[in-house]
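One structure is given here, and the rest of the page talks about it.
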Amino acid sequence: MYVRVSSRTNKSGQVVRYLQLAHNEWDAQAGVSRTKVLHSFGREDELDRPAVVRLVEALTRLLDPSAAAALAGGADMTFTDSRPMGGAHALDGLWRSLGIDTAIGKALKGRRVDAGRVERILFALTANRALKPSSKLAATDWVAHDVHIAGLCDVGEDACYRAMDTLLDIEKVLTEQIYHQVADLLNLEVDLLFFDTTSTYFQTGDADEPAARDEHGRVRPDAPVTDRVRDSGFRTHGKSKDHREDLPQVVIGMAVTRQGIPVRVWSWPGNYSDSALIRQVKDDMRQWSLGRIVWVADRGFSSAENRRYLQQAGGHYIIGEKLRTDSPDVQAALSRQGRYAHVADNMQVKEVTIDDAGDRFVICLNPDEATRDQHVRDELVTRLTDKIAGSDALSATQRAELRGVISTKPGLHRYLRVTAGGLLRIDQAAVKAEARLDGKYLLRCADPKLSPEDIAIGYKQLLQVERGRRDMKSVLDLRPVYHHLEDRIRAHVLLCWLALLLVRVAETTTARTWPTIRAELDRLHLITFTGPTGTFRQTTELTKPQRDLFTALTLNPPKKIIEVAAPTVDETR
């Protein structure tokens, strides 16, 4: 390596000289030696050239294996730091390639904020969720000491909170801009859009105070509380999908494409029920001017009002139906005769028609699940038989007590029958009725063009949104939430969504799970050497698995030399 001088003439005619770190590489094809610039120090008149030369001489000894002994004996450069950078570099590359940095810049245009710094802080907080989930205070320490974020050396906790507040302010315009950029880049298919909800609880027994809210669950600061259900606190008690009804929670909804890419996320107070939420979601997504969409949702959204709403403006739906119901449509669909057609992945489907003007119904059968359901039911009946054995000899009071115990176990209670005389028996009619449902689920579809196979496969892809929910809770550590203010909780959910977006793009592009990708890339480190001659930062050698990942992601790996900083003229005086 050596110091190279380049020059150019500016508009005033003055010749400006620049110092560069360079070395020669042999071009085997051309048969000549070519100069490669590794780093530019800047203008010569702003640098101490002897100091730069001393730095390059120290680096030459440092990088020359034959000089290792001399280096150990007291070279100018000392190894001072090593931190992972591969994962953050890959996420930053995806962040930029998806245009998220540009979208944030556009959303902040005209605002009195440093858009560039806000964007870097938001990326750092997003990367923290994907690489090492922690509180915002711990994230500031992580940025300063445990990772390399390009363009951000350190950040304070207050700056993180201000960036989160800004993110929430621009949520509406930002999410739409991100969607359109991601859709164009990835050629997303949004003919099927999947929606589902989850809940996350807080390790506190205190729910938030009631607050007046609009139809979207947003606080109306100057309005009085008039509706006990709608005007609840944000963190409040409700139907918990984590089985923690004893703790306050919030409800989170997510829309996902058939490729598993999460395109939008919502947050509501914890007592909001699934049934009405999909109508708000449809209204929000309609503003994005999307084409023909078939909504795919679970049976919790199958009310008649929801179905009518989803069909407005030419919309369609595929919705799961509850099998254990007295609905005339469901009972009629299950009673129809017909043959099943085989579909991929061990699935059989049968379309049944209730009437000419109504919805289409598709019964799906999984033989493996049918065998499993039968086995589970046989075990439950055996347990119930053992439990009520000899109960005829008990007194009426004792039988009532036993019946009360069984009623607390829904699986057993389903097959219990009580005779007119108060005796406990196995309900054979219930056993027979359940056997008719083994391995089956019922779908209702309003689209006249989709084939029964497409309806079944489309609904099965709802697992993508369920996987997204699991990953937000486990891989990205959505919980615990270290915030108590409503706006901060909403911003925290948005950061988790951004992290899940990057993670899912990485997974679909590389066909690997994110934990595997993260573990491999984080073995790529940034190492730092410092000394009286300056600072030098370079990456460790790329391994083949790391290079393959960057190739699959169509991203450039980090440069070998990240920084070469010699003392300036002012520093050496």
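As shown in the structure tokens, the chain order sets the letters A, B, ...; within each chain, residues go from 1, and ligands are also counted from 1 in the order they appear.
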
Requested in this report: Write out as a PyMOL selection string all residues of stretch 295-517 of chain A that backbone DSSP assigns to strand (DSSP E).
Outcome: chain A and resi 295-297+316-321+341-343+347-353+360-365+416-418+424-426+440-445

Query raised in the report: Contacts of stretch 79-84 of chain A at 12 Å or less, counting only C-alpha atoms, minus same-chain residues fewer than 2 places along, as a PyMOL selection string?
Result: chain A and resi 59+62+71-72+74-77+86-90+131-132+142-149+518-531+535-540

Write out, as a PDB file, in the first residue's frame, the residues just selected, with C-alpha atoms.
ATOM      1  CA  LEU A  59      -1.096  -0.335   8.190  1.00  0.00           C
ATOM      2  CA  LEU A  62      -0.272  -4.520  10.319  1.00  0.00           C
ATOM      3  CA  LEU A  71       3.667  -5.919  15.296  1.00  0.00           C
ATOM      4  CA  ALA A  72       3.423  -7.818  18.561  1.00  0.00           C
ATOM      5  CA  GLY A  74       5.006  -2.671  19.723  1.00  0.00           C
ATOM      6  CA  ALA A  75       3.684  -1.518  16.392  1.00  0.00           C
ATOM      7  CA  ASP A  76       1.993   1.850  16.007  1.00  0.00           C
ATOM      8  CA  MET A  77      -1.518   0.323  15.689  1.00  0.00           C
ATOM      9  CA  GLY A  86     -22.909  -8.452   8.693  1.00  0.00           C
ATOM     10  CA  GLY A  87     -26.525  -8.641   9.841  1.00  0.00           C
ATOM     11  CA  ALA A  88     -26.906  -4.875  10.159  1.00  0.00           C
ATOM     12  CA  HIS A  89     -25.242  -4.359   6.762  1.00  0.00           C
ATOM     13  CA  ALA A  90     -27.645  -6.809   5.081  1.00  0.00           C
ATOM     14  CA  LEU A 131     -30.857  -8.688  15.531  1.00  0.00           C
ATOM     15  CA  LYS A 132     -30.954  -8.224  19.306  1.00  0.00           C
ATOM     16  CA  TRP A 142     -26.162  -1.613  21.455  1.00  0.00           C
ATOM     17  CA  VAL A 143     -25.719   1.010  18.720  1.00  0.00           C
ATOM     18  CA  ALA A 144     -22.746   2.582  20.497  1.00  0.00           C
ATOM     19  CA  HIS A 145     -20.831  -0.573  21.417  1.00  0.00           C
ATOM     20  CA  ASP A 146     -22.200  -3.768  19.856  1.00  0.00           C
ATOM     21  CA  VAL A 147     -22.995  -3.125  16.189  1.00  0.00           C
ATOM     22  CA  HIS A 148     -21.950  -0.998  13.236  1.00  0.00           C
ATOM     23  CA  ILE A 149     -24.790   1.114  11.789  1.00  0.00           C
ATOM     24  CA  ARG A 518     -28.684 -13.796  11.315  1.00  0.00           C
ATOM     25  CA  ALA A 519     -26.281 -16.278  12.910  1.00  0.00           C
ATOM     26  CA  GLU A 520     -24.201 -16.564   9.725  1.00  0.00           C
ATOM     27  CA  LEU A 521     -24.025 -12.854   8.904  1.00  0.00           C
ATOM     28  CA  ASP A 522     -23.233 -11.761  12.439  1.00  0.00           C
ATOM     29  CA  ARG A 523     -19.983 -13.743  12.220  1.00  0.00           C
ATOM     30  CA  LEU A 524     -18.801 -11.011   9.846  1.00  0.00           C
ATOM     31  CA  HIS A 525     -17.157  -8.473  12.172  1.00  0.00           C
ATOM     32  CA  LEU A 526     -15.820  -4.942  11.964  1.00  0.00           C
ATOM     33  CA  ILE A 527     -12.441  -4.669  13.684  1.00  0.00           C
ATOM     34  CA  THR A 528     -10.790  -1.432  14.767  1.00  0.00           C
ATOM     35  CA  PHE A 529      -7.112  -0.543  15.210  1.00  0.00           C
ATOM     36  CA  THR A 530      -6.055   2.755  16.756  1.00  0.00           C
ATOM     37  CA  GLY A 531      -2.755   4.418  17.473  1.00  0.00           C
ATOM     38  CA  THR A 535      -7.617   4.918  13.229  1.00  0.00           C
ATOM     39  CA  PHE A 536      -8.148   1.982  10.893  1.00  0.00           C
ATOM     40  CA  ARG A 537     -11.337  -0.090  10.578  1.00  0.00           C
ATOM     41  CA  GLN A 538     -11.770  -3.137   8.357  1.00  0.00           C
ATOM     42  CA  THR A 539     -14.022  -6.183   8.077  1.00  0.00           C
ATOM     43  CA  THR A 540     -13.049  -9.772   8.633  1.00  0.00           C
TER      44      THR A 540
END

Near stretch 170-185 of chain A, counting only C-alpha atoms, which residues have an atom at most 12 Å away, once you skip same-chain residues fewer than 6 positions from it, shown as a CSV table (one decimal) with N, CA, C and O atoms, in the first residue's frame?
chain,number,residue,atom,x,y,z
A,94,LEU,N,-31.2,-4.1,2.5
A,94,LEU,CA,-32.6,-4.4,2.1
A,94,LEU,C,-33.5,-3.1,2.4
A,94,LEU,O,-34.4,-2.8,1.6
A,95,TRP,N,-33.2,-2.4,3.5
A,95,TRP,CA,-33.9,-1.2,3.8
A,95,TRP,C,-33.8,-0.2,2.7
A,95,TRP,O,-34.8,0.4,2.3
A,96,ARG,N,-32.6,0.0,2.1
A,96,ARG,CA,-32.4,0.9,1.0
A,96,ARG,C,-33.0,0.4,-0.3
A,96,ARG,O,-33.6,1.1,-1.1
A,97,SER,N,-32.8,-0.9,-0.6
A,97,SER,CA,-33.3,-1.4,-1.8
A,97,SER,C,-34.8,-1.4,-1.9
A,97,SER,O,-35.4,-1.3,-3.0
A,98,LEU,N,-35.4,-1.6,-0.8
A,98,LEU,CA,-36.9,-1.5,-0.7
A,98,LEU,C,-37.4,-0.1,-0.7
A,98,LEU,O,-38.6,0.2,-0.8
A,99,GLY,N,-36.5,0.9,-0.7
A,99,GLY,CA,-36.8,2.3,-0.7
A,99,GLY,C,-37.4,2.9,0.6
A,99,GLY,O,-38.1,3.9,0.6
A,100,ILE,N,-37.2,2.2,1.7
A,100,ILE,CA,-37.8,2.7,3.0
A,100,ILE,C,-37.1,4.0,3.4
A,100,ILE,O,-37.8,4.9,3.9
A,101,ASP,N,-35.8,4.1,3.2
A,101,ASP,CA,-35.1,5.4,3.5
A,101,ASP,C,-35.7,6.5,2.7
A,101,ASP,O,-35.9,7.6,3.2
A,102,THR,N,-35.9,6.3,1.4
A,102,THR,CA,-36.5,7.3,0.5
A,102,THR,C,-37.9,7.6,1.0
A,102,THR,O,-38.3,8.8,1.0
A,103,ALA,N,-38.7,6.6,1.3
A,103,ALA,CA,-40.1,6.9,1.7
A,103,ALA,C,-40.1,7.7,3.0
A,103,ALA,O,-40.9,8.6,3.1
A,104,ILE,N,-39.2,7.5,4.0
A,104,ILE,CA,-39.1,8.3,5.2
A,104,ILE,C,-38.7,9.7,4.8
A,104,ILE,O,-39.3,10.7,5.4
A,105,GLY,N,-37.8,9.9,3.9
A,105,GLY,CA,-37.3,11.2,3.5
A,105,GLY,C,-38.5,12.0,2.9
A,105,GLY,O,-38.7,13.2,3.2
A,106,LYS,N,-39.3,11.3,2.0
A,106,LYS,CA,-40.4,12.0,1.4
A,106,LYS,C,-41.5,12.4,2.4
A,106,LYS,O,-42.1,13.4,2.4
A,107,ALA,N,-41.7,11.4,3.4
A,107,ALA,CA,-42.8,11.7,4.4
A,107,ALA,C,-42.4,12.8,5.3
A,107,ALA,O,-43.2,13.5,5.8
A,108,LEU,N,-41.1,13.1,5.5
A,108,LEU,CA,-40.6,14.1,6.4
A,108,LEU,C,-40.3,15.4,5.7
A,108,LEU,O,-39.9,16.4,6.3
A,109,LYS,N,-40.5,15.4,4.3
A,109,LYS,CA,-40.2,16.6,3.6
A,109,LYS,C,-41.1,17.8,4.1
A,109,LYS,O,-42.3,17.7,4.2
A,111,ARG,N,-40.8,19.1,7.0
A,111,ARG,CA,-40.9,19.2,8.5
A,111,ARG,C,-39.6,19.7,9.0
A,111,ARG,O,-38.5,19.5,8.4
A,119,GLU,N,-34.1,9.1,10.0
A,119,GLU,CA,-34.2,7.8,9.2
A,119,GLU,C,-33.1,6.8,9.7
A,119,GLU,O,-33.4,5.6,9.9
A,163,ALA,N,-37.8,10.1,17.6
A,163,ALA,CA,-37.9,9.4,16.3
A,163,ALA,C,-39.2,8.6,16.2
A,163,ALA,O,-39.9,8.5,15.2
A,164,MET,N,-39.5,7.9,17.3
A,164,MET,CA,-40.7,7.1,17.4
A,164,MET,C,-42.0,7.9,17.2
A,164,MET,O,-42.9,7.6,16.5
A,255,ALA,N,-52.0,-7.3,7.8
A,255,ALA,CA,-52.4,-7.7,6.5
A,255,ALA,C,-51.2,-8.3,5.8
A,255,ALA,O,-50.1,-7.6,5.8
A,256,VAL,N,-51.3,-9.4,5.1
A,256,VAL,CA,-50.1,-10.1,4.6
A,256,VAL,C,-50.5,-10.6,3.2
A,256,VAL,O,-51.6,-11.1,2.9
A,257,THR,N,-49.5,-10.6,2.3
A,257,THR,CA,-49.7,-11.1,0.9
A,257,THR,C,-49.5,-12.6,0.9
A,257,THR,O,-49.1,-13.2,1.9
A,259,GLN,N,-47.3,-14.2,-0.5
A,259,GLN,CA,-45.9,-14.5,-0.4
A,259,GLN,C,-45.4,-14.4,1.1
A,259,GLN,O,-44.3,-14.7,1.3
A,261,ILE,N,-45.5,-11.5,2.8
A,261,ILE,CA,-44.9,-10.2,3.0
A,261,ILE,C,-46.0,-9.3,3.8
A,261,ILE,O,-47.1,-9.1,3.3
A,262,PRO,N,-45.6,-8.9,5.0
A,262,PRO,CA,-46.6,-8.0,5.8
A,262,PRO,C,-46.7,-6.6,5.2
A,262,PRO,O,-45.6,-5.9,5.1
A,263,VAL,N,-47.8,-6.2,4.7
A,263,VAL,CA,-47.9,-4.9,4.1
A,263,VAL,C,-48.5,-3.8,5.0
A,263,VAL,O,-48.3,-2.6,4.6
A,264,ARG,N,-49.1,-4.2,6.1
A,264,ARG,CA,-49.6,-3.1,7.0
A,264,ARG,C,-49.9,-3.7,8.3
A,264,ARG,O,-50.3,-4.9,8.4
A,265,VAL,N,-49.9,-2.9,9.4
A,265,VAL,CA,-50.2,-3.4,10.7
A,265,VAL,C,-51.1,-2.3,11.4
A,265,VAL,O,-51.0,-1.1,11.1
A,266,TRP,N,-51.9,-2.8,12.3
A,266,TRP,CA,-52.8,-1.9,13.0
A,266,TRP,C,-52.7,-2.3,14.5
A,266,TRP,O,-52.4,-3.4,14.9
A,284,ASP,N,-59.2,1.3,5.2
A,284,ASP,CA,-57.8,1.8,5.1
A,284,ASP,C,-57.1,1.3,3.9
A,284,ASP,O,-56.4,2.1,3.2
A,285,MET,N,-57.3,0.1,3.5
A,285,MET,CA,-56.6,-0.5,2.3
A,285,MET,C,-57.2,0.1,1.0
A,285,MET,O,-56.6,0.2,0.0
A,286,ARG,N,-58.5,0.4,1.1
A,286,ARG,CA,-59.2,1.0,-0.1
A,286,ARG,C,-58.5,2.3,-0.5
A,286,ARG,O,-58.5,2.6,-1.7
A,287,GLN,N,-58.0,3.0,0.4
A,287,GLN,CA,-57.4,4.3,0.1
A,287,GLN,C,-56.1,4.1,-0.7
A,287,GLN,O,-55.6,5.1,-1.3
A,288,TRP,N,-55.6,2.9,-0.8
A,288,TRP,CA,-54.3,2.7,-1.5
A,288,TRP,C,-54.6,2.4,-3.0
A,288,TRP,O,-53.6,2.1,-3.8
A,289,SER,N,-55.8,2.4,-3.4
A,289,SER,CA,-56.2,2.2,-4.8
A,289,SER,C,-55.6,0.9,-5.4
A,289,SER,O,-55.0,0.8,-6.4
A,290,LEU,N,-55.9,-0.2,-4.6
A,290,LEU,CA,-55.4,-1.5,-5.0
A,290,LEU,C,-56.4,-2.1,-6.1
A,290,LEU,O,-57.6,-1.6,-6.2
A,487,ASP,N,-49.1,6.2,22.4
A,487,ASP,CA,-48.4,6.5,21.1
A,487,ASP,C,-47.1,5.7,21.0
A,487,ASP,O,-46.7,5.3,19.9
A,490,ARG,N,-47.9,2.1,20.1
A,490,ARG,CA,-48.2,2.1,18.6
A,490,ARG,C,-47.0,2.1,17.8
A,490,ARG,O,-46.8,1.4,16.8
A,491,ALA,N,-46.1,3.1,18.1
A,491,ALA,CA,-44.8,3.2,17.4
A,491,ALA,C,-44.0,1.9,17.5
A,491,ALA,O,-43.3,1.5,16.6
A,493,VAL,N,-45.0,-1.1,17.8
A,493,VAL,CA,-45.6,-2.1,16.9
A,493,VAL,C,-45.2,-1.8,15.5
A,493,VAL,O,-44.9,-2.8,14.7
A,494,LEU,N,-45.2,-0.6,15.1
A,494,LEU,CA,-44.7,-0.2,13.8
A,494,LEU,C,-43.3,-0.6,13.5
A,494,LEU,O,-42.9,-1.1,12.4
A,495,LEU,N,-42.4,-0.4,14.5
A,495,LEU,CA,-41.0,-0.9,14.4
A,495,LEU,C,-40.9,-2.4,14.2
A,495,LEU,O,-40.1,-2.9,13.4
A,497,TRP,N,-43.2,-4.2,12.9
A,497,TRP,CA,-43.7,-4.5,11.5
A,497,TRP,C,-42.6,-4.3,10.5
A,497,TRP,O,-42.4,-5.1,9.6
A,498,LEU,N,-41.9,-3.2,10.6
A,498,LEU,CA,-40.8,-2.9,9.7
A,498,LEU,C,-39.7,-4.0,9.8
A,498,LEU,O,-39.2,-4.4,8.7
A,501,LEU,N,-41.0,-7.0,8.0
A,501,LEU,CA,-40.9,-6.8,6.6
A,501,LEU,C,-39.6,-7.2,6.0
A,501,LEU,O,-39.4,-7.9,5.1
A,502,LEU,N,-38.5,-6.7,6.7
A,502,LEU,CA,-37.1,-6.9,6.2
A,502,LEU,C,-36.8,-8.4,6.4
A,502,LEU,O,-36.2,-9.0,5.5
A,505,VAL,N,-38.6,-10.6,3.7
A,505,VAL,CA,-38.0,-10.4,2.4
A,505,VAL,C,-36.7,-11.2,2.4
A,505,VAL,O,-36.4,-11.9,1.4

Report task. Have a look at atom CA of A:Thr236 and atom CA of A:Gln249 and let me know their distance in Å, one decimal. Result ->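 A separation of 5.4 Å between them.
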
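The smallest atom-to-atom distance between A:Ala433 and any of A:Gln348, A:Thr510, A:Gln331, A:Ser407, using only C-alpha atoms, is found for A:Gln331.
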
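Proximity to A:Leu247 at 8 Å, evaluated using only C-alpha atoms and with sequence-adjacent residues fewer than 4 positions away removed, yields Tyr201, Phe202, Gln203, Thr204, Gly205, Asp206, Thr236 and His237 of chain A.
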
Would you mind exporting the chosen residues as a PDB file, in the first residue's frame, restricted to C-alpha atoms?
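Output file selection-v4.pdb is given in full below:
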ATOM      1  CA  TYR A 201     -50.297  -8.484  27.172  1.00  0.00           C
ATOM      2  CA  PHE A 202     -48.443  -6.254  29.631  1.00  0.00           C
ATOM      3  CA  GLN A 203     -46.899  -7.387  32.891  1.00  0.00           C
ATOM      4  CA  THR A 204     -49.002  -5.043  34.951  1.00  0.00           C
ATOM      5  CA  GLY A 205     -52.330  -5.499  36.615  1.00  0.00           C
ATOM      6  CA  ASP A 206     -53.493  -1.931  35.927  1.00  0.00           C
ATOM      7  CA  THR A 236     -57.192  -2.935  28.840  1.00  0.00           C
ATOM      8  CA  HIS A 237     -58.621  -6.372  29.572  1.00  0.00           C
TER       9      HIS A 237
END

Report task. Determine, counting only C-alpha atoms, which protein, DNA and RNA residues have an atom within 8 Å of an atom of stretch 22-28 of chain A; residues of the same chain fewer than 5 positions away are not included. Present the result as a VMD selection string. Result -> chain A and resid 1 to 4 33 to 39

Take the residues that were just selected and, keeping N, CA, C and O atoms, output them as a PDB file, in the first residue's frame.
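As a result, again05.pdb now contains:
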ATOM      1  N   MET A   1       0.843  -1.193   0.000  1.00  0.00           N
ATOM      2  CA  MET A   1       0.000   0.000   0.000  1.00  0.00           C
ATOM      3  C   MET A   1       0.880   1.246   0.000  1.00  0.00           C
ATOM      4  O   MET A   1       2.010   1.226   0.508  1.00  0.00           O
ATOM      5  N   TYR A   2       0.332   2.309  -0.558  1.00  0.00           N
ATOM      6  CA  TYR A   2       1.080   3.548  -0.635  1.00  0.00           C
ATOM      7  C   TYR A   2       0.103   4.712  -0.725  1.00  0.00           C
ATOM      8  O   TYR A   2      -1.093   4.543  -0.958  1.00  0.00           O
ATOM      9  N   VAL A   3       0.650   5.935  -0.524  1.00  0.00           N
ATOM     10  CA  VAL A   3      -0.145   7.145  -0.631  1.00  0.00           C
ATOM     11  C   VAL A   3      -0.098   7.634  -2.069  1.00  0.00           C
ATOM     12  O   VAL A   3       0.982   7.816  -2.642  1.00  0.00           O
ATOM     13  N   ARG A   4      -1.268   7.831  -2.643  1.00  0.00           N
ATOM     14  CA  ARG A   4      -1.380   8.278  -4.028  1.00  0.00           C
ATOM     15  C   ARG A   4      -1.990   9.672  -4.046  1.00  0.00           C
ATOM     16  O   ARG A   4      -2.878   9.985  -3.265  1.00  0.00           O
ATOM     17  N   SER A  33      -0.545  -4.525 -14.344  1.00  0.00           N
ATOM     18  CA  SER A  33      -0.832  -4.171 -12.962  1.00  0.00           C
ATOM     19  C   SER A  33      -1.731  -2.939 -12.955  1.00  0.00           C
ATOM     20  O   SER A  33      -1.457  -1.963 -13.652  1.00  0.00           O
ATOM     21  N   ARG A  34      -2.811  -2.993 -12.157  1.00  0.00           N
ATOM     22  CA  ARG A  34      -3.744  -1.874 -12.102  1.00  0.00           C
ATOM     23  C   ARG A  34      -3.796  -1.303 -10.684  1.00  0.00           C
ATOM     24  O   ARG A  34      -3.677  -2.030  -9.701  1.00  0.00           O
ATOM     25  N   THR A  35      -4.001   0.005 -10.615  1.00  0.00           N
ATOM     26  CA  THR A  35      -4.078   0.702  -9.330  1.00  0.00           C
ATOM     27  C   THR A  35      -5.504   0.660  -8.803  1.00  0.00           C
ATOM     28  O   THR A  35      -6.457   0.964  -9.532  1.00  0.00           O
ATOM     29  N   LYS A  36      -5.652   0.259  -7.531  1.00  0.00           N
ATOM     30  CA  LYS A  36      -6.956   0.236  -6.887  1.00  0.00           C
ATOM     31  C   LYS A  36      -6.938   1.162  -5.683  1.00  0.00           C
ATOM     32  O   LYS A  36      -6.081   1.043  -4.806  1.00  0.00           O
ATOM     33  N   VAL A  37      -7.866   2.120  -5.669  1.00  0.00           N
ATOM     34  CA  VAL A  37      -7.966   3.069  -4.557  1.00  0.00           C
ATOM     35  C   VAL A  37      -8.789   2.427  -3.439  1.00  0.00           C
ATOM     36  O   VAL A  37      -9.934   2.020  -3.652  1.00  0.00           O
ATOM     37  N   LEU A  38      -8.190   2.308  -2.261  1.00  0.00           N
ATOM     38  CA  LEU A  38      -8.868   1.699  -1.120  1.00  0.00           C
ATOM     39  C   LEU A  38      -9.625   2.716  -0.276  1.00  0.00           C
ATOM     40  O   LEU A  38     -10.668   2.410   0.304  1.00  0.00           O
ATOM     41  N   HIS A  39      -9.101   3.928  -0.186  1.00  0.00           N
ATOM     42  CA  HIS A  39      -9.705   4.934   0.684  1.00  0.00           C
ATOM     43  C   HIS A  39      -9.210   6.318   0.268  1.00  0.00           C
ATOM     44  O   HIS A  39      -8.054   6.474  -0.157  1.00  0.00           O
TER      45      HIS A  39
END

Query raised in the report: So which bits of stretch 256-443 of chain A end up helix (DSSP H, G or I) when you DSSP the backbone, as a PyMOL selection string?
Result: chain A and resi 274-286+299-301+304-310+312-314+328-335+367-388+391-393+396-407+410-413+428-435

Query raised in the report: A:Arg479: which residues within 12 Å, counting only C-alpha atoms, same-chain residues fewer than 3 positions away excluded, as JSON, numbers by chain?
Result: {"A": [129, 133, 134, 135, 199, 200, 201, 202, 203, 242, 249, 250, 469, 470, 471, 472, 473, 474, 475, 476, 482, 483, 489, 492, 493, 496]}

**Report entry** Spatial neighbours of A:Thr385, max dist 10 Å, only C-alpha atoms, sep filter under 5 positions, as a PyMOL selection string
**Finding:** chain A and resi 379-380+390+412+415-416+424-426

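Among A:Ala130, A:Val56, A:Ala420, A:Val113, the residue with the shortest atom-to-atom distance to A:Leu91, counting only C-alpha atoms, is A:Ala130.
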
Query raised in the report: Given the choices A:Ile517, A:Leu478, A:Val343, A:Ala389, which gets closest to A:Thr198 if the distance is worked out from only C-alpha atoms?
Result: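 Closest residue, counting only C-alpha atoms: A:Leu478.
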
Query raised in the report: What is the atom CA of A:Gln461-atom CA of A:Leu443 distance in Å, reported with one decimal?
Result: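 For atom CA of A:Gln461 relative to atom CA of A:Leu443, the distance reads 13.2 Å.
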
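The gap separating atom CA of A:Arg512 from atom CA of A:Trp295 is 27.9 Å, in Å to one decimal.
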